[in-house]
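Each remark here refers to the structure printed beneath this line.
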Amino acid sequence: MFREQHMHGRLCIAMFVAGALWSGTAAAQELRLGLLTALSGQLSIAGAEQKRGFDIAIEQLGGKVGGVATEIIVADDKGDPGEAAQAANRLIDRDKVQIVTGLPFSHTMMASVRPLLNGGAFVVGANAGPSTLAGEGCHPNLFVSSFHNDQWDIAVGEYMSAKGHKRAYFMGMDYQAGWEHTKAAIRGFKGEKVAEVYTPIKQLDFSAELTQLRAANPDAVFVFYFASSAVAFARQYAQAGLQGRIPLYSMGAFSDPTLFPAQGDSVLGVVMSESWNHQLDNPANKRFVEAYRAKFKRDPTGFAARQYDAMMLIDSAVRAVKGNLADQDALRAAFRKADFQSVRGKFRFNTNHFPIQDIYVEEVAKNDKGQLYSKLIGVAIKDQMDPDYQKCKMPK
């Protein structure tokens with residue numbers, strides 16, 4: 001049962017059940033699940049993809065998460081921290097959610113996670129991975145099933161060094177995830193950092209920055225851009241005559257099936273790091289990819305895959321406690337166990353509730369039909385732990 005957050009009608013019996021879930025001793029009759037993501041605004045392409053992964057999981061679960069009747073409340077944070085905080089408060093105060101997932105971006109996650117946790121909800125982050133939440137800001141009811149912001153980019157920095165690059169230019173979006181991803185790539189790179197440049201999150205004209213980059217003449221470039229910013233940068237990089245001349249590296253959200261039509265051949269040869277790829281050979285991934293292709297007629301993206309995984313994690317935890325959400329200790333233990341089949345293959349939580357996982361390298365290439373796709377190159381780092389877990393003093 002789906003409800004958008006701007007809809008106000010609700011049944012009294014639903015309110016009674018929701019109020020009883022945390023305080024009663026009997027197994028839950030209904031789970032109130034929130035999906036908080038960006039469904040409008042400049043970053044909505046990622047939120048829409050999260051929603052697609054979410055929908056496929058719900059369909060495969062027959063509309064019942066953990067075997068429990070589930071009411072779903074979808075909230076739009078518009079990719080804006082202020083909107084995210086307001087939406088989080090409404091999910092807690094008005095909608096009485098018990099579990100919230102989604103949270104696609106670091107800046108909006110940081111604005112929304114505390115209202116959600118302080119309101120007593122369990123939070124399962126399905127894309128953003130702010131370092132603060134992995135260290136001093138960790139919380140017993142917060143589980144980030146996606147990644148730590150550093151994980152992908154340390155790997156791609158090391159890969160750049162392995163390819164023999166000596167001088168690299170680094171660029172990113174000027175907000176928390178942009179800083180963390182870019183600085184992680186710098187830490188992974190063993191050569192000279194020629195420049196470290198940050199551009200406003202809504203900037204779409206990179207002509208000045210590309211002029212400076214050309215003058216610096218590095219032998220590799222790393223960028224952190226996604227959504228419309230990634231489209232603009234890729235096209236302008238190619239138009240500036242830099243494609244093929246200076247190899248371009250990034251992370252998986254820079255170029256994916258949602259962006260291929262707009263980016264075109266400007267992204268051919270771009271090498272990216274990721275914690276998932278549609279070619280991974282495991283049963284859960286095959287089932288997900290087949291279902292996604294059947295429904296949406298193209299390959300899925302990492303945004304969809306990670307949200308699908310988050311839903312299967314939630315399903316495993318609710319199922320383990322037989323729907324008795326009042327037993328928070330048991331539910332927390334079930335989340336920690338992560339007893340589900342991940343589309344990534346191996347998956348487990350570290351002590352800070354962030355994942356230990358393999359990081360892959362992929363390249364934008366063309367298949368035998370001339371279509372762009374993310375070609376899996378191989379594993380960059382096995383069983384990677386984030387660098388902040390030792391800072392986490394998990395409160396009881």
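Lettering and numbering for the structure tokens are positional, with chains as A, B, ... in the shown order, residues counted from 1 in each chain, and ligands counted from 1 in the shown order.
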
Write out as a short mmCIF file (atom, residue, chain, number, x, y, z; two decimals) with N, CA and C atoms, in the first residue's frame the residues lying within 8 Å of Phe335 (chain A), counting only C-alpha atoms and excluding same-chain residues fewer than 3 positions away.
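Now in out_14.cif:
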data_model
loop_
_atom_site.label_atom_id
_atom_site.label_comp_id
_atom_site.auth_asym_id
_atom_site.auth_seq_id
_atom_site.Cartn_x
_atom_site.Cartn_y
_atom_site.Cartn_z
N PHE A 143 22.00 1.82 9.88
CA PHE A 143 22.71 0.83 9.07
C PHE A 143 22.86 1.39 7.66
N LEU A 313 17.66 -6.43 2.76
CA LEU A 313 18.19 -6.41 4.12
C LEU A 313 17.07 -6.16 5.13
N ILE A 314 16.24 -5.16 4.87
CA ILE A 314 15.12 -4.86 5.76
C ILE A 314 14.18 -6.06 5.87
N SER A 316 14.92 -9.18 5.54
CA SER A 316 15.55 -10.25 6.32
C SER A 316 15.46 -9.96 7.81
N ALA A 317 15.61 -8.69 8.20
CA ALA A 317 15.58 -8.34 9.61
C ALA A 317 14.17 -8.45 10.19
N LEU A 331 15.63 -6.82 16.68
CA LEU A 331 15.64 -6.26 15.33
C LEU A 331 17.02 -5.72 14.98
N ARG A 332 17.65 -5.05 15.92
CA ARG A 332 18.99 -4.52 15.71
C ARG A 332 19.98 -5.66 15.43
N ALA A 338 22.67 -9.31 8.83
CA ALA A 338 22.59 -9.13 7.37
C ALA A 338 22.42 -10.46 6.65
N ASP A 339 21.41 -11.22 7.06
CA ASP A 339 21.18 -12.55 6.52
C ASP A 339 20.31 -12.48 5.27
#

Per residue of region 228-291 of chain A within 9 Å of region 348-358 of chain A, which atom pair is closest and at what distance in Å (one decimal), using only C-alpha atoms, listed by chain and increasing number, as CSV?
residue,atom,partner,partner_atom,distance
A:Glu274,CA,A:Asp358,CA,8.9
A:Ser275,CA,A:Asp358,CA,6.3
A:Trp276,CA,A:Asp358,CA,8.6

Could you please take those selected residues and save C-alpha atoms as a PDB file, in the first residue's frame?
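Done, and the output landed in result-v9.pdb:
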ATOM      1  CA  GLU A 274      31.860   0.760  -7.944  1.00  0.00           C
ATOM      2  CA  SER A 275      30.681  -1.720  -5.317  1.00  0.00           C
ATOM      3  CA  TRP A 276      28.276  -3.350  -7.810  1.00  0.00           C
TER       4      TRP A 276
END

**OP:** Return as an MDAnalysis selection string the full set of residues in region 323-383 of chain A whose backbone-based DSSP assignment is strand (DSSP E or B).
**Re:** chainID A and resid 342 345 348:349 355:366 372:383

Subject >> Test item: residues at most 12 Å from Val197 (chain A), only C-alpha atoms, excluding those fewer than 6 positions along its chain, as a list in words >> reply: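 Residues near the query, excluding close chain neighbours: Ala168, Tyr169, Phe170, Met171, Gly172, Met173, Asp174, Tyr175, Gly178, Trp179, Thr182, Lys183, Ile186, Phe206, Ala208, Glu209, Leu210, Gln212, Leu213, Val221, Phe222, Val223 and Phe224 of chain A.
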
**OP:** Quick one: everything within 10 Å of Gln279 (chain A), counting only C-alpha atoms, minus sequence neighbours fewer than 6 positions away in the same chain. Send it as a list in words.
**Re:**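 In the requested form, the answer reads Asn285, Lys286, Val289, Asp299, Ser374, Lys375 and Leu376 of chain A.
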
**OP:** Mind the document's chain letters and residue numbers, and return as a ChimeraX atom specification the residues of region 89-140 of chain A that DSSP labels helix (DSSP H, G or I).
**Re:** /A:89-93,106-118,131-134

Using N, CA and C atoms, can you write the selected residues to a file as a PDB file, in the first residue's frame?
ATOM      1  N   ASN A  89      11.039  14.943   9.641  1.00  0.00           N
ATOM      2  CA  ASN A  89      10.174  15.234  10.783  1.00  0.00           C
ATOM      3  C   ASN A  89       8.732  14.817  10.527  1.00  0.00           C
ATOM      4  N   ARG A  90       8.263  14.997   9.295  1.00  0.00           N
ATOM      5  CA  ARG A  90       6.892  14.569   8.978  1.00  0.00           C
ATOM      6  C   ARG A  90       6.764  13.052   9.022  1.00  0.00           C
ATOM      7  N   LEU A  91       7.804  12.363   8.533  1.00  0.00           N
ATOM      8  CA  LEU A  91       7.764  10.897   8.578  1.00  0.00           C
ATOM      9  C   LEU A  91       7.648  10.390  10.013  1.00  0.00           C
ATOM     10  N   ILE A  92       8.317  11.065  10.932  1.00  0.00           N
ATOM     11  CA  ILE A  92       8.278  10.661  12.338  1.00  0.00           C
ATOM     12  C   ILE A  92       6.990  11.127  13.016  1.00  0.00           C
ATOM     13  N   ASP A  93       6.715  12.420  12.944  1.00  0.00           N
ATOM     14  CA  ASP A  93       5.634  13.011  13.735  1.00  0.00           C
ATOM     15  C   ASP A  93       4.250  12.702  13.180  1.00  0.00           C
ATOM     16  N   SER A 106      24.753  12.683   0.560  1.00  0.00           N
ATOM     17  CA  SER A 106      25.354  12.956   1.867  1.00  0.00           C
ATOM     18  C   SER A 106      24.781  14.202   2.522  1.00  0.00           C
ATOM     19  N   HIS A 107      24.608  15.294   1.750  1.00  0.00           N
ATOM     20  CA  HIS A 107      24.144  16.537   2.369  1.00  0.00           C
ATOM     21  C   HIS A 107      22.704  16.427   2.853  1.00  0.00           C
ATOM     22  N   THR A 108      21.866  15.691   2.144  1.00  0.00           N
ATOM     23  CA  THR A 108      20.488  15.521   2.602  1.00  0.00           C
ATOM     24  C   THR A 108      20.388  14.454   3.688  1.00  0.00           C
ATOM     25  N   MET A 109      21.253  13.447   3.620  1.00  0.00           N
ATOM     26  CA  MET A 109      21.260  12.436   4.676  1.00  0.00           C
ATOM     27  C   MET A 109      21.668  13.048   6.012  1.00  0.00           C
ATOM     28  N   MET A 110      22.681  13.906   5.999  1.00  0.00           N
ATOM     29  CA  MET A 110      23.130  14.531   7.234  1.00  0.00           C
ATOM     30  C   MET A 110      22.040  15.410   7.841  1.00  0.00           C
ATOM     31  N   ALA A 111      21.195  15.986   7.003  1.00  0.00           N
ATOM     32  CA  ALA A 111      20.120  16.835   7.500  1.00  0.00           C
ATOM     33  C   ALA A 111      18.938  16.035   8.041  1.00  0.00           C
ATOM     34  N   SER A 112      18.752  14.828   7.544  1.00  0.00           N
ATOM     35  CA  SER A 112      17.556  14.057   7.888  1.00  0.00           C
ATOM     36  C   SER A 112      17.788  12.937   8.883  1.00  0.00           C
ATOM     37  N   VAL A 113      19.023  12.458   9.012  1.00  0.00           N
ATOM     38  CA  VAL A 113      19.235  11.244   9.784  1.00  0.00           C
ATOM     39  C   VAL A 113      18.989  11.456  11.277  1.00  0.00           C
ATOM     40  N   ARG A 114      19.367  12.599  11.827  1.00  0.00           N
ATOM     41  CA  ARG A 114      19.168  12.810  13.260  1.00  0.00           C
ATOM     42  C   ARG A 114      17.699  12.913  13.639  1.00  0.00           C
ATOM     43  N   PRO A 115      16.866  13.681  12.907  1.00  0.00           N
ATOM     44  CA  PRO A 115      15.439  13.659  13.233  1.00  0.00           C
ATOM     45  C   PRO A 115      14.832  12.260  13.177  1.00  0.00           C
ATOM     46  N   LEU A 116      15.281  11.454  12.240  1.00  0.00           N
ATOM     47  CA  LEU A 116      14.753  10.096  12.118  1.00  0.00           C
ATOM     48  C   LEU A 116      15.183   9.228  13.293  1.00  0.00           C
ATOM     49  N   LEU A 117      16.478   9.267  13.619  1.00  0.00           N
ATOM     50  CA  LEU A 117      16.986   8.448  14.720  1.00  0.00           C
ATOM     51  C   LEU A 117      16.458   8.936  16.067  1.00  0.00           C
ATOM     52  N   ASN A 118      16.401  10.240  16.261  1.00  0.00           N
ATOM     53  CA  ASN A 118      15.883  10.779  17.512  1.00  0.00           C
ATOM     54  C   ASN A 118      14.405  10.472  17.690  1.00  0.00           C
ATOM     55  N   SER A 131      31.291  10.145   5.993  1.00  0.00           N
ATOM     56  CA  SER A 131      32.291   9.607   6.918  1.00  0.00           C
ATOM     57  C   SER A 131      31.924   9.866   8.372  1.00  0.00           C
ATOM     58  N   THR A 132      31.268  10.985   8.647  1.00  0.00           N
ATOM     59  CA  THR A 132      30.887  11.317  10.028  1.00  0.00           C
ATOM     60  C   THR A 132      30.040  10.217  10.650  1.00  0.00           C
ATOM     61  N   LEU A 133      29.137   9.663   9.868  1.00  0.00           N
ATOM     62  CA  LEU A 133      28.220   8.644  10.385  1.00  0.00           C
ATOM     63  C   LEU A 133      28.908   7.293  10.555  1.00  0.00           C
ATOM     64  N   ALA A 134      30.059   7.131   9.941  1.00  0.00           N
ATOM     65  CA  ALA A 134      30.820   5.887  10.103  1.00  0.00           C
ATOM     66  C   ALA A 134      31.716   5.929  11.331  1.00  0.00           C
TER      67      ALA A 134
END

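Nearest to Arg94 (chain A) of all the residues A:Glu196, A:Val361, A:Arg32, A:Ala46 is A:Arg32, based on only C-alpha atoms.
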
Subject >> Shortest interatomic distance to Ala48 (chain A) - which of A:Met272, A:Leu61, A:Ala365, A:Leu36, counting only C-alpha atoms >> reply: A:Leu36

Subject >> Spatial neighbours of Ile72 (chain A), max dist 12 Å, only C-alpha atoms, sep filter under 4 positions, as a list in words >> reply: Met1, Phe2, Arg3, Glu4, Gln5, Glu30, Leu31, Arg32, Leu33, Gly34, Leu35, Leu36, Lys51, Phe54, Asp55, Ile58, Gly63, Lys64, Val65, Leu91, Asp95, Lys96, Val97, Gln98, Ile99, Val100 and Thr101 of chain A

Original post:
Within 9 Å of Gly67 (chain A), counting only C-alpha atoms, which residues qualify if same-chain residues fewer than 6 places away don't, as a PyMOL selection string?
Top reply: chain A and resi 61+315+318-319+322-323

Keeping only N, CA and C atoms, write the selected residues as an mmCIF file, in the first residue's frame.
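Once everything was written out, this is again.cif:
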data_model
loop_
_atom_site.group_PDB
_atom_site.id
_atom_site.type_symbol
_atom_site.label_atom_id
_atom_site.label_comp_id
_atom_site.auth_asym_id
_atom_site.auth_seq_id
_atom_site.Cartn_x
_atom_site.Cartn_y
_atom_site.Cartn_z
ATOM 1 N N LEU A 61 8.636 -9.204 -3.120
ATOM 2 C CA LEU A 61 8.243 -9.578 -1.760
ATOM 3 C C LEU A 61 6.722 -9.667 -1.600
ATOM 4 N N ASP A 315 13.896 -6.680 4.739
ATOM 5 C CA ASP A 315 13.027 -7.866 4.734
ATOM 6 C C ASP A 315 13.610 -8.957 5.617
ATOM 7 N N VAL A 318 13.193 -7.918 9.466
ATOM 8 C CA VAL A 318 11.802 -7.989 9.947
ATOM 9 C C VAL A 318 11.336 -9.439 10.000
ATOM 10 N N ARG A 319 11.759 -10.233 9.018
ATOM 11 C CA ARG A 319 11.378 -11.650 8.995
ATOM 12 C C ARG A 319 12.011 -12.398 10.164
ATOM 13 N N LYS A 322 10.086 -12.107 13.197
ATOM 14 C CA LYS A 322 8.691 -12.525 12.971
ATOM 15 C C LYS A 322 7.729 -11.348 13.086
ATOM 16 N N GLY A 323 8.186 -10.202 12.622
ATOM 17 C CA GLY A 323 7.331 -9.021 12.614
ATOM 18 C C GLY A 323 7.190 -8.325 13.947
#

**OP:** Name the residues in contact with Ile377 (chain A) at a cut-off of 8 Å, using only C-alpha atoms, excluding same-chain residues fewer than 4 positions from it; report them as a list of chain:residue names.
**Re:** A:Tyr360, A:Val361, A:Glu362, A:Glu363

Subject >> Å distance separating CA of Leu204 (chain A) from CA of Ser228 (chain A), one decimal place >> reply: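 These atoms are spaced 7.5 Å apart.
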
Original post:
What does the distance from CA of Asn324 (chain A) to CA of Ser146 (chain A) come to in Å, to one decimal?
Top reply: 25.6 Å
